[in-house]
$ cat protein26.pdb   # PDB, C-alpha atoms and all ligand atoms
ATOM      1  CA  MET A 755     -80.212-106.621 127.186
ATOM      2  CA  LYS A 756     -78.322-106.621 130.466
ATOM      3  CA  ALA A 757     -74.528-106.153 130.262
ATOM      4  CA  LYS A 758     -72.667-109.367 131.089
ATOM      5  CA  LYS A 759     -70.045-108.603 133.677
ATOM      6  CA  SER A 760     -68.326-111.934 133.068
ATOM      7  CA  LEU A 761     -67.644-110.858 129.474
ATOM      8  CA  GLY A 762     -66.218-107.490 130.474
ATOM      9  CA  GLN A 763     -69.135-105.662 128.907
ATOM     10  CA  ASN A 764     -68.619-101.968 129.631
ATOM     11  CA  PHE A 765     -70.011-100.227 126.602
ATOM     12  CA  LEU A 766     -68.704 -96.885 125.384
ATOM     13  CA  VAL A 767     -71.386 -94.218 125.450
ATOM     14  CA  ASP A 768     -69.350 -91.034 125.061
ATOM     15  CA  GLU A 769     -69.633 -89.717 121.492
ATOM     16  CA  ASN A 770     -66.552 -87.508 121.949
ATOM     17  CA  VAL A 771     -64.399 -90.488 122.858
ATOM     18  CA  ILE A 772     -65.706 -92.461 119.906
ATOM     19  CA  ALA A 773     -64.969 -89.527 117.572
ATOM     20  CA  ARG A 774     -61.436 -89.234 119.010
ATOM     21  CA  ILE A 775     -60.718 -92.935 118.537
ATOM     22  CA  VAL A 776     -62.016 -92.948 114.979
ATOM     23  CA  GLY A 777     -60.134 -89.688 114.318
ATOM     24  CA  GLN A 778     -56.883 -91.315 115.483
ATOM     25  CA  VAL A 779     -57.472 -94.465 113.474
ATOM     26  CA  ALA A 780     -58.641 -92.509 110.417
ATOM     27  CA  PRO A 781     -59.630 -95.664 108.526
ATOM     28  CA  LYS A 782     -59.376 -95.543 104.750
ATOM     29  CA  ALA A 783     -61.506 -97.033 102.014
ATOM     30  CA  ASP A 784     -58.729 -99.454 101.050
ATOM     31  CA  GLU A 785     -58.146-100.814 104.568
ATOM     32  CA  LEU A 786     -59.412-103.739 106.595
ATOM     33  CA  ILE A 787     -60.245-103.178 110.248
ATOM     34  CA  ILE A 788     -60.475-106.151 112.577
ATOM     35  CA  GLU A 789     -62.471-105.201 115.644
ATOM     36  CA  ILE A 790     -62.435-107.407 118.726
ATOM     37  CA  GLY A 791     -65.570-107.162 120.873
ATOM     38  CA  PRO A 792     -67.882-104.840 118.896
ATOM     39  CA  GLY A 793     -70.546-104.937 121.624
ATOM     40  CA  HIS A 794     -73.562-102.880 120.525
ATOM     41  CA  GLY A 795     -71.496-101.654 117.577
ATOM     42  CA  ILE A 796     -70.973 -98.043 118.559
ATOM     43  CA  LEU A 797     -67.380 -98.011 117.303
ATOM     44  CA  THR A 798     -68.097-100.502 114.537
ATOM     45  CA  GLU A 799     -70.695 -98.212 112.994
ATOM     46  CA  ALA A 800     -68.279 -95.279 112.905
ATOM     47  CA  LEU A 801     -65.504 -97.492 111.454
ATOM     48  CA  LEU A 802     -67.819 -98.931 108.788
ATOM     49  CA  GLU A 803     -68.480 -95.452 107.428
ATOM     50  CA  LYS A 804     -64.828 -95.012 106.479
ATOM     51  CA  ALA A 805     -63.070 -98.387 106.224
ATOM     52  CA  GLY A 806     -63.129-100.656 103.175
ATOM     53  CA  LYS A 807     -64.155-103.589 105.324
ATOM     54  CA  VAL A 808     -64.657-104.374 109.021
ATOM     55  CA  VAL A 809     -64.380-107.894 110.427
ATOM     56  CA  ALA A 810     -65.814-107.923 113.949
ATOM     57  CA  ILE A 811     -65.222-110.784 116.378
ATOM     58  CA  GLU A 812     -67.757-111.046 119.201
ATOM     59  CA  ILE A 813     -68.192-113.828 121.747
ATOM     60  CA  ASP A 814     -71.778-112.972 122.740
ATOM     61  CA  SER A 815     -74.313-114.501 120.342
ATOM     62  CA  GLU A 816     -77.071-112.110 121.444
ATOM     63  CA  LEU A 817     -74.917-109.164 120.423
ATOM     64  CA  VAL A 818     -74.039-110.783 117.101
ATOM     65  CA  GLN A 819     -77.763-111.254 116.379
ATOM     66  CA  GLU A 820     -78.404-107.622 117.296
ATOM     67  CA  LEU A 821     -75.571-106.334 115.076
ATOM     68  CA  LYS A 822     -76.910-108.325 112.105
ATOM     69  CA  ILE A 823     -80.015-106.157 112.313
ATOM     70  CA  THR A 824     -78.681-102.809 113.450
ATOM     71  CA  LEU A 825     -75.542-102.372 111.337
ATOM     72  CA  PRO A 826     -75.181-102.029 107.551
ATOM     73  CA  GLN A 827     -73.884-105.392 106.357
ATOM     74  CA  ASN A 828     -72.353-104.556 102.971
ATOM     75  CA  ASN A 829     -68.763-104.131 104.225
ATOM     76  CA  LEU A 830     -69.132-105.919 107.573
ATOM     77  CA  GLU A 831     -68.305-109.521 108.440
ATOM     78  CA  LEU A 832     -69.430-110.660 111.885
ATOM     79  CA  ILE A 833     -67.696-113.616 113.483
ATOM     80  CA  LEU A 834     -69.218-115.277 116.536
ATOM     81  CA  ALA A 835     -66.118-116.521 118.367
ATOM     82  CA  ASP A 836     -63.897-116.246 121.386
ATOM     83  CA  ALA A 837     -61.058-114.033 120.181
ATOM     84  CA  LEU A 838     -58.694-115.966 122.454
ATOM     85  CA  ASP A 839     -59.388-119.252 120.646
ATOM     86  CA  LEU A 840     -59.575-117.862 117.158
ATOM     87  CA  ASP A 841     -56.628-118.436 114.838
ATOM     88  CA  LEU A 842     -56.016-114.786 114.080
ATOM     89  CA  GLU A 843     -53.239-115.398 111.583
ATOM     90  CA  GLN A 844     -55.424-117.778 109.632
ATOM     91  CA  LEU A 845     -58.267-115.244 109.697
ATOM     92  CA  ILE A 846     -55.993-112.532 108.291
ATOM     93  CA  HIS A 847     -54.551-114.887 105.649
ATOM     94  CA  SER A 848     -58.027-115.879 104.490
ATOM     95  CA  GLN A 849     -59.031-112.201 104.254
ATOM     96  CA  LEU A 850     -55.870-111.476 102.254
ATOM     97  CA  ASN A 851     -56.608-114.396  99.924
ATOM     98  CA  LEU A 852     -60.006-112.844  99.219
ATOM     99  CA  HIS A 853     -58.649-109.289  99.032
ATOM    100  CA  PRO A 854     -54.903-109.366  98.176
ATOM    101  CA  GLU A 855     -54.957-105.555  97.836
ATOM    102  CA  LEU A 856     -55.363-105.335 101.646
ATOM    103  CA  LYS A 857     -51.809-106.573 102.300
ATOM    104  CA  ASN A 858     -50.117-104.208 104.810
ATOM    105  CA  LYS A 859     -53.489-102.563 105.359
ATOM    106  CA  VAL A 860     -54.834-104.708 108.163
ATOM    107  CA  ARG A 861     -55.536-102.724 111.303
ATOM    108  CA  ILE A 862     -56.843-103.740 114.725
ATOM    109  CA  VAL A 863     -59.263-101.675 116.783
ATOM    110  CA  ALA A 864     -60.640-102.912 120.085
ATOM    111  CA  ASN A 865     -62.207-101.738 123.279
ATOM    112  CA  LEU A 866     -60.957-104.821 125.038
ATOM    113  CA  PRO A 867     -62.609-106.516 127.965
ATOM    114  CA  TYR A 868     -60.103-106.065 130.796
ATOM    115  CA  TYR A 869     -60.116-109.715 131.793
ATOM    116  CA  ILE A 870     -58.447-110.785 128.545
ATOM    117  CA  SER A 871     -56.616-107.661 127.471
ATOM    118  CA  THR A 872     -53.064-108.852 128.070
ATOM    119  CA  ALA A 873     -53.737-112.304 126.605
ATOM    120  CA  ILE A 874     -55.220-110.697 123.490
ATOM    121  CA  LEU A 875     -52.352-108.252 123.189
ATOM    122  CA  THR A 876     -49.819-111.090 123.386
ATOM    123  CA  LYS A 877     -51.742-112.904 120.679
ATOM    124  CA  LEU A 878     -51.930-109.816 118.479
ATOM    125  CA  ILE A 879     -48.199-109.197 118.809
ATOM    126  CA  SER A 880     -47.412-112.707 117.676
ATOM    127  CA  ALA A 881     -49.371-111.951 114.478
ATOM    128  CA  SER A 882     -47.791-108.497 114.162
ATOM    129  CA  ASP A 883     -46.056-109.184 110.849
ATOM    130  CA  LEU A 884     -49.548-109.244 109.282
ATOM    131  CA  ILE A 885     -50.793-106.095 111.024
ATOM    132  CA  LYS A 886     -50.194-102.413 110.303
ATOM    133  CA  ASP A 887     -51.257-101.004 113.649
ATOM    134  CA  MET A 888     -53.422-101.594 116.707
ATOM    135  CA  THR A 889     -55.520 -99.065 118.583
ATOM    136  CA  LEU A 890     -56.666-100.566 121.860
ATOM    137  CA  MET A 891     -58.701 -99.405 124.825
ATOM    138  CA  LEU A 892     -57.126-100.869 127.957
ATOM    139  CA  GLN A 893     -57.156-100.271 131.659
ATOM    140  CA  ARG A 894     -55.159 -97.052 132.045
ATOM    141  CA  GLU A 895     -52.445 -98.529 134.264
ATOM    142  CA  VAL A 896     -51.941-101.447 131.901
ATOM    143  CA  ALA A 897     -51.677 -99.115 128.898
ATOM    144  CA  GLU A 898     -49.159 -96.911 130.716
ATOM    145  CA  ARG A 899     -47.106 -99.903 131.771
ATOM    146  CA  ILE A 900     -46.927-101.260 128.241
ATOM    147  CA  ALA A 901     -45.816 -97.894 126.856
ATOM    148  CA  SER A 902     -43.262 -97.144 129.582
ATOM    149  CA  THR A 903     -39.622 -97.192 128.628
ATOM    150  CA  ALA A 904     -36.585 -98.976 130.063
ATOM    151  CA  GLY A 905     -35.490 -97.727 133.468
ATOM    152  CA  GLY A 906     -38.955 -96.991 134.846
ATOM    153  CA  LYS A 907     -40.613 -99.010 137.598
ATOM    154  CA  ASP A 908     -43.606 -99.731 135.340
ATOM    155  CA  TYR A 909     -41.480-101.191 132.558
ATOM    156  CA  GLY A 910     -42.087-104.924 132.307
ATOM    157  CA  ILE A 911     -42.583-108.006 130.165
ATOM    158  CA  LEU A 912     -45.294-106.592 127.903
ATOM    159  CA  SER A 913     -43.399-103.315 127.433
ATOM    160  CA  VAL A 914     -40.309-105.196 126.245
ATOM    161  CA  ILE A 915     -42.234-107.481 123.912
ATOM    162  CA  SER A 916     -44.483-104.743 122.463
ATOM    163  CA  GLN A 917     -41.667-102.280 121.947
ATOM    164  CA  LEU A 918     -39.532-104.730 119.986
ATOM    165  CA  TYR A 919     -42.248-104.862 117.345
ATOM    166  CA  ALA A 920     -43.994-101.523 117.535
ATOM    167  CA  ASP A 921     -43.814 -97.859 118.287
ATOM    168  CA  THR A 922     -45.975 -98.032 121.393
ATOM    169  CA  ARG A 923     -47.678 -95.029 122.988
ATOM    170  CA  VAL A 924     -50.637 -93.981 125.080
ATOM    171  CA  LEU A 925     -52.788 -91.619 123.016
ATOM    172  CA  PHE A 926     -55.217 -90.358 125.662
ATOM    173  CA  PRO A 927     -56.953 -91.357 128.883
ATOM    174  CA  VAL A 928     -60.669 -92.206 128.977
ATOM    175  CA  LYS A 929     -62.766 -91.606 132.080
ATOM    176  CA  ALA A 930     -64.736 -94.407 133.677
ATOM    177  CA  GLY A 931     -67.907 -92.315 133.191
ATOM    178  CA  SER A 932     -67.581 -92.764 129.399
ATOM    179  CA  PHE A 933     -68.851 -96.358 129.755
ATOM    180  CA  ARG A 934     -72.064 -98.068 130.833
ATOM    181  CA  PRO A 935     -72.015 -99.777 133.202
ATOM    182  CA  ILE A 936     -69.315 -97.574 134.719
ATOM    183  CA  PRO A 937     -66.187 -99.677 135.375
ATOM    184  CA  LYS A 938     -64.163 -99.425 138.576
ATOM    185  CA  VAL A 939     -61.026 -98.406 136.714
ATOM    186  CA  GLU A 940     -59.933 -95.651 134.350
ATOM    187  CA  SER A 941     -59.022 -96.508 130.769
ATOM    188  CA  ALA A 942     -56.666 -95.263 128.083
ATOM    189  CA  ILE A 943     -56.113 -95.699 124.386
ATOM    190  CA  LEU A 944     -52.862 -97.434 123.515
ATOM    191  CA  GLN A 945     -51.592 -97.405 119.949
ATOM    192  CA  LEU A 946     -48.993 -99.784 118.537
ATOM    193  CA  LYS A 947     -47.636 -98.872 115.121
ATOM    194  CA  ILE A 948     -45.914-102.007 113.938
ATOM    195  CA  TYR A 949     -42.391-101.506 112.563
ATOM    196  CA  PRO A 950     -41.726-102.868 109.066
ATOM    197  CA  GLN A 951     -39.060-105.007 110.789
ATOM    198  CA  PRO A 952     -38.634-105.614 114.533
ATOM    199  CA  LEU A 953     -35.792-103.607 116.125
ATOM    200  CA  VAL A 954     -33.802-106.865 116.166
ATOM    201  CA  GLU A 955     -34.839-110.000 114.298
ATOM    202  CA  VAL A 956     -35.263-112.623 117.036
ATOM    203  CA  LEU A 957     -34.121-116.102 116.066
ATOM    204  CA  ASP A 958     -36.773-117.783 118.226
ATOM    205  CA  ARG A 959     -39.784-115.790 119.454
ATOM    206  CA  ASN A 960     -40.686-118.286 122.183
ATOM    207  CA  LEU A 961     -37.176-118.213 123.529
ATOM    208  CA  PHE A 962     -37.219-114.391 123.524
ATOM    209  CA  VAL A 963     -40.424-114.414 125.607
ATOM    210  CA  LYS A 964     -38.962-117.043 127.966
ATOM    211  CA  VAL A 965     -35.810-114.967 128.541
ATOM    212  CA  VAL A 966     -37.820-111.784 129.202
ATOM    213  CA  CYS A 967     -40.165-113.594 131.623
ATOM    214  CA  ALA A 968     -37.255-115.212 133.495
ATOM    215  CA  ALA A 969     -35.421-111.880 133.715
ATOM    216  CA  PHE A 970     -38.447-110.113 135.220
ATOM    217  CA  SER A 971     -39.389-112.960 137.530
ATOM    218  CA  GLU A 972     -37.552-111.266 140.374
ATOM    219  CA  ARG A 973     -37.315-107.573 139.640
ATOM    220  CA  ARG A 974     -35.172-106.729 142.635
ATOM    221  CA  LYS A 975     -32.428-109.154 141.718
ATOM    222  CA  THR A 976     -29.682-108.533 139.208
ATOM    223  CA  ILE A 977     -30.264-109.959 135.756
ATOM    224  CA  LEU A 978     -27.586-112.574 136.512
ATOM    225  CA  ASN A 979     -29.368-113.793 139.638
ATOM    226  CA  SER A 980     -32.871-113.706 138.123
ATOM    227  CA  LEU A 981     -31.745-115.742 135.140
ATOM    228  CA  LYS A 982     -29.773-118.104 137.363
ATOM    229  CA  SER A 983     -32.827-118.730 139.534
ATOM    230  CA  HIS A 984     -35.060-119.371 136.533
ATOM    231  CA  TYR A 985     -32.678-120.787 133.914
ATOM    232  CA  LYS A 986     -34.709-124.013 133.757
ATOM    233  CA  THR A 987     -37.674-122.132 132.287
ATOM    234  CA  ILE A 988     -35.379-121.038 129.461
ATOM    235  CA  ASP A 989     -33.472-124.259 128.854
ATOM    236  CA  SER A 990     -33.411-127.186 131.257
ATOM    237  CA  LYS A 991     -30.073-128.327 129.843
ATOM    238  CA  LEU A 992     -28.283-125.141 130.802
ATOM    239  CA  GLU A 993     -26.060-124.993 133.853
ATOM    240  CA  PRO A 994     -26.493-121.955 136.144
ATOM    241  CA  SER A 995     -22.772-121.267 135.731
ATOM    242  CA  GLN A 996     -23.275-120.745 132.001
ATOM    243  CA  ILE A 997     -25.614-117.767 132.488
ATOM    244  CA  ALA A 998     -22.778-115.353 133.243
ATOM    245  CA  ILE A 999     -20.935-116.479 130.101
ATOM    246  CA  ILE A1000     -24.030-115.870 127.975
ATOM    247  CA  LEU A1001     -24.664-112.432 129.510
ATOM    248  CA  GLU A1002     -21.040-111.489 128.883
ATOM    249  CA  GLN A1003     -21.255-112.693 125.292
ATOM    250  CA  ALA A1004     -24.310-110.442 124.903
ATOM    251  CA  ASN A1005     -22.352-107.499 126.393
ATOM    252  CA  ILE A1006     -24.677-107.172 129.357
ATOM    253  CA  VAL A1007     -23.137-106.123 132.660
ATOM    254  CA  LEU A1008     -24.046-108.843 135.197
ATOM    255  CA  THR A1009     -25.176-106.426 137.897
ATOM    256  CA  ARG A1010     -27.839-104.725 135.772
ATOM    257  CA  ARG A1011     -31.515-105.302 136.526
ATOM    258  CA  ALA A1012     -34.070-106.480 134.001
ATOM    259  CA  GLU A1013     -35.884-103.151 133.968
ATOM    260  CA  THR A1014     -32.784-101.366 132.609
ATOM    261  CA  LEU A1015     -32.523-103.539 129.486
ATOM    262  CA  SER A1016     -34.109-102.206 126.302
ATOM    263  CA  SER A1017     -36.161-104.417 123.981
ATOM    264  CA  LYS A1018     -33.214-104.480 121.628
ATOM    265  CA  GLU A1019     -30.862-105.733 124.356
ATOM    266  CA  PHE A1020     -33.339-108.433 125.360
ATOM    267  CA  ALA A1021     -33.627-109.573 121.759
ATOM    268  CA  LEU A1022     -29.832-109.724 121.401
ATOM    269  CA  LEU A1023     -29.623-111.622 124.700
ATOM    270  CA  ALA A1024     -32.225-114.147 123.546
ATOM    271  CA  ASN A1025     -30.308-114.588 120.299
ATOM    272  CA  THR A1026     -27.133-115.197 122.315
ATOM    273  CA  PHE A1027     -28.948-117.917 124.313
ATOM    274  CA  TYR A1028     -30.053-119.427 121.012
ATOM    275  CA  GLN A1029     -26.555-119.412 119.506
ATOM    276  CA  TYR A1030     -24.999-120.706 122.717
ATOM    277  CA  ALA A1031     -27.405-123.636 122.824
ATOM    278  CA  LYS A1032     -26.748-124.349 119.178
ATOM    279  CA  ASN A1033     -22.983-124.238 119.613
ATOM    280  CA  THR A1034     -23.120-126.502 122.621
ATOM    281  CA  ALA A1035     -25.660-128.781 120.905
ATOM    282  CA  HIS A1036     -28.490-128.105 123.318
ATOM    283  CA  ASN A1037     -32.043-128.347 122.177
ATOM    284  CA  LEU A1038     -34.009-125.419 123.603
TER     285      LEU A1038
HETATM  286  N1  LIG B1101     -66.730-102.180 121.459
HETATM  287  C1  LIG B1101     -67.868-102.029 122.352
HETATM  288  C2  LIG B1101     -67.882-100.641 122.922
HETATM  289  O1  LIG B1101     -66.847 -99.971 122.797
HETATM  290  O2  LIG B1101     -68.902-100.241 123.475
HETATM  291  C3  LIG B1101     -67.874-103.073 123.461
HETATM  292  C4  LIG B1101     -66.666-103.082 124.371
HETATM  293  S1  LIG B1101     -66.816-104.143 125.770
HETATM  294  C5  LIG B1101     -65.559-103.457 126.792
HETATM  295  C6  LIG B1101     -66.026-105.643 125.283
HETATM  296  C7  LIG B1101     -66.759-106.489 124.250
HETATM  297  O3  LIG B1101     -65.980-107.657 124.004
HETATM  298  C8  LIG B1101     -68.128-106.986 124.665
HETATM  299  O4  LIG B1101     -69.020-106.841 123.612
HETATM  300  C9  LIG B1101     -67.902-108.485 124.987
HETATM  301  O5  LIG B1101     -69.047-109.285 124.780
HETATM  302  C10 LIG B1101     -66.799-108.818 124.011
HETATM  303  N2  LIG B1101     -65.949-109.939 124.436
HETATM  304  C11 LIG B1101     -65.656-110.324 125.698
HETATM  305  N3  LIG B1101     -64.827-111.373 125.690
HETATM  306  C12 LIG B1101     -64.589-111.661 124.378
HETATM  307  C13 LIG B1101     -63.822-112.665 123.731
HETATM  308  N4  LIG B1101     -63.120-113.569 124.424
HETATM  309  N5  LIG B1101     -63.813-112.689 122.374
HETATM  310  C14 LIG B1101     -64.531-111.766 121.663
HETATM  311  N6  LIG B1101     -65.271-110.807 122.234
HETATM  312  C15 LIG B1101     -65.307-110.742 123.577
END

$ encode --input "protein26.pdb" --output "structure tokens" --more "lines below"
Ligand code: SAM
Amino acid sequence: MKAKKSLGQNFLVDENVIARIVGQVAPKADELIIEIGPGHGILTEALLEKAGKVVAIEIDSELVQELKITLPQNNLELILADALDLDLEQLIHSQLNLHPELKNKVRIVANLPYYISTAILTKLISASDLIKDMTLMLQREVAERIASTAGGKDYGILSVISQLYADTRVLFPVKAGSFRPIPKVESAILQLKIYPQPLVEVLDRNLFVKVVCAAFSERRKTILNSLKSHYKTIDSKLEPSQIAIILEQANIVLTRRAETLSSKEFALLANTFYQYAKNTAHNL
């Protein structure tokens, strides 16, 4: 079967890398692994040996047919679906209804196709209260950006959002030659260990994301000016003049830039927007 470029099919062929990933995940007999994009099942097979159950979501029906024959099926559930369309939270809830003992033991492992990696990560983070951790193969630069901390030039929207919910770090790089076909970019394994509670409980997740996106929309500007230019994406009923008041209420110096604000500060800022709108009877 020829690899489908359009589906980001770069299959892992390096046994050492597979052993390192499985060693880091160290799946246990009482855990559920959800794998996105099992491909020819090279990782899936190694996970199945140790995990209680593996649910693998694959978009390519030819691969699903192949895996039905090549992999042991006793603790494997194959789902033919586009992981972007799938209701992940519902999937996890239905697994937990079947196996209540798996609560807090749901883990994600994926060698993600690059073309959907950030969309999938965003989706996974919004289901993070149901997930214990995520071990993801990503393009190296993307992984490094997500794990970089406040103050760095690589720090951005996904770093802020990921780090509010998880201890986020790059475990190790993976060379392009570890895949077939060989991709044009290097890869890395990113691990997100979800905190029992986010660093700050956000009052409205959508609003938090909107504030972070508006703040980073113009990296060179101060946070005041970025938010002033994009306040309508946060709340169309706000007046630009109110942004300074909100930043001051959140104890954020107006001349700071988005990349200097920690996840915690962004969450507190989003909560201040929320409270401000509530107090002034805006509907966000
Ligand atoms: N896990 C395998 C490995 O490590 O060799 C395959 C990894 S390959 C980079 C990505 C896999 O994700 C492919 O099998 C591809 O068909 C599948 N895939 C691509 N887009 C997908 C989507 N939207 N939903 C689910 N699977 C997808």

$ atom_distance --input "protein26.pdb" --atom1 "atom O5 of ligand LIG 1101 (chain B)" --atom2 "CA of Ile775 in chain A"
19.4 Å

$ axis_aligned_box --input "protein26.pdb" --around "ligand LIG 1101 (chain B)" --padding-each-side "8 Å" --output "lines of an AutoDock Vina configuration file"
center_x = -66.1
center_y = -106.8
center_z = 124.1
size_x = 21.9
size_y = 29.6
size_z = 21.3

$ closest_residue --input "protein26.pdb" --among "A:Ile1000, A:Leu842, A:Val863, A:Leu856" --to "Leu1023 in chain A" --atoms "only C-alpha atoms"
A:Ile1000

$ resolve_selection --input "protein26.pdb" --expression "the PyMOL selection byres (((chain A and resi 795) around 10) and not hetatm)" --output "ChimeraX atom specification"
/A:765-766,789,791-794,796-802,810,817-818,820-821,824-825

$ closest_residue --input "protein26.pdb" --among "A:Asn829, A:Thr876, A:Gln893, A:Gln778" --to "ligand LIG 1101 (chain B)" --atoms "only C-alpha atoms and all ligand atoms"
A:Gln893

$ residues_near_ligand --input "protein26.pdb" --ligand "ligand LIG 1101 (chain B)" --cutoff "9 Å" --atoms "all atoms listed in the file" --output "PyMOL selection string"
chain A and resi 757-767+772+789-798+810-815+817+833-840+863-870+874+891-892+933-934

$ write_last_selection --input "protein26.pdb" --atoms "C-alpha atoms" --output "compact mmCIF listing (two decimals), in the frame of the given file"
# COMPACT_ATOMS: atom_id res chain seq x y z
CA ALA A 757 -74.53 -106.15 130.26
CA LYS A 758 -72.67 -109.37 131.09
CA LYS A 759 -70.04 -108.60 133.68
CA SER A 760 -68.33 -111.93 133.07
CA LEU A 761 -67.64 -110.86 129.47
CA GLY A 762 -66.22 -107.49 130.47
CA GLN A 763 -69.14 -105.66 128.91
CA ASN A 764 -68.62 -101.97 129.63
CA PHE A 765 -70.01 -100.23 126.60
CA LEU A 766 -68.70 -96.88 125.38
CA VAL A 767 -71.39 -94.22 125.45
CA ILE A 772 -65.71 -92.46 119.91
CA GLU A 789 -62.47 -105.20 115.64
CA ILE A 790 -62.44 -107.41 118.73
CA GLY A 791 -65.57 -107.16 120.87
CA PRO A 792 -67.88 -104.84 118.90
CA GLY A 793 -70.55 -104.94 121.62
CA HIS A 794 -73.56 -102.88 120.52
CA GLY A 795 -71.50 -101.65 117.58
CA ILE A 796 -70.97 -98.04 118.56
CA LEU A 797 -67.38 -98.01 117.30
CA THR A 798 -68.10 -100.50 114.54
CA ALA A 810 -65.81 -107.92 113.95
CA ILE A 811 -65.22 -110.78 116.38
CA GLU A 812 -67.76 -111.05 119.20
CA ILE A 813 -68.19 -113.83 121.75
CA ASP A 814 -71.78 -112.97 122.74
CA SER A 815 -74.31 -114.50 120.34
CA LEU A 817 -74.92 -109.16 120.42
CA ILE A 833 -67.70 -113.62 113.48
CA LEU A 834 -69.22 -115.28 116.54
CA ALA A 835 -66.12 -116.52 118.37
CA ASP A 836 -63.90 -116.25 121.39
CA ALA A 837 -61.06 -114.03 120.18
CA LEU A 838 -58.69 -115.97 122.45
CA ASP A 839 -59.39 -119.25 120.65
CA LEU A 840 -59.58 -117.86 117.16
CA VAL A 863 -59.26 -101.68 116.78
CA ALA A 864 -60.64 -102.91 120.08
CA ASN A 865 -62.21 -101.74 123.28
CA LEU A 866 -60.96 -104.82 125.04
CA PRO A 867 -62.61 -106.52 127.96
CA TYR A 868 -60.10 -106.06 130.80
CA TYR A 869 -60.12 -109.72 131.79
CA ILE A 870 -58.45 -110.78 128.54
CA ILE A 874 -55.22 -110.70 123.49
CA MET A 891 -58.70 -99.40 124.82
CA LEU A 892 -57.13 -100.87 127.96
CA PHE A 933 -68.85 -96.36 129.76
CA ARG A 934 -72.06 -98.07 130.83

$ resolve_selection --input "protein26.pdb" --expression "the PyMOL selection byres (((chain A and resi 1009) around 10) and not hetatm)" --output "PyMOL selection string"
chain A and resi 975-979+1006-1008+1010-1012

$ atom_distance --input "protein26.pdb" --atom1 "CA of Pro950 in chain A" --atom2 "CA of Ala783 in chain A"
21.8 Å

$ residues_near_point --input "protein26.pdb" --point "(-55.8, -115.5, 109.6)" --cutoff "12 Å" --atoms "only C-alpha atoms" --output "ChimeraX atom specification"
/A:788,809,837,840-852,860,878,880-885

$ write_last_selection --input "protein26.pdb" --atoms "C-alpha atoms" --output "short mmCIF file (atom, residue, chain, number, x, y, z; two decimals), in the frame of the given file"
data_model
loop_
_atom_site.label_atom_id
_atom_site.label_comp_id
_atom_site.auth_asym_id
_atom_site.auth_seq_id
_atom_site.Cartn_x
_atom_site.Cartn_y
_atom_site.Cartn_z
CA ILE A 788 -60.48 -106.15 112.58
CA VAL A 809 -64.38 -107.89 110.43
CA ALA A 837 -61.06 -114.03 120.18
CA LEU A 840 -59.58 -117.86 117.16
CA ASP A 841 -56.63 -118.44 114.84
CA LEU A 842 -56.02 -114.79 114.08
CA GLU A 843 -53.24 -115.40 111.58
CA GLN A 844 -55.42 -117.78 109.63
CA LEU A 845 -58.27 -115.24 109.70
CA ILE A 846 -55.99 -112.53 108.29
CA HIS A 847 -54.55 -114.89 105.65
CA SER A 848 -58.03 -115.88 104.49
CA GLN A 849 -59.03 -112.20 104.25
CA LEU A 850 -55.87 -111.48 102.25
CA ASN A 851 -56.61 -114.40 99.92
CA LEU A 852 -60.01 -112.84 99.22
CA VAL A 860 -54.83 -104.71 108.16
CA LEU A 878 -51.93 -109.82 118.48
CA SER A 880 -47.41 -112.71 117.68
CA ALA A 881 -49.37 -111.95 114.48
CA SER A 882 -47.79 -108.50 114.16
CA ASP A 883 -46.06 -109.18 110.85
CA LEU A 884 -49.55 -109.24 109.28
CA ILE A 885 -50.79 -106.10 111.02
#
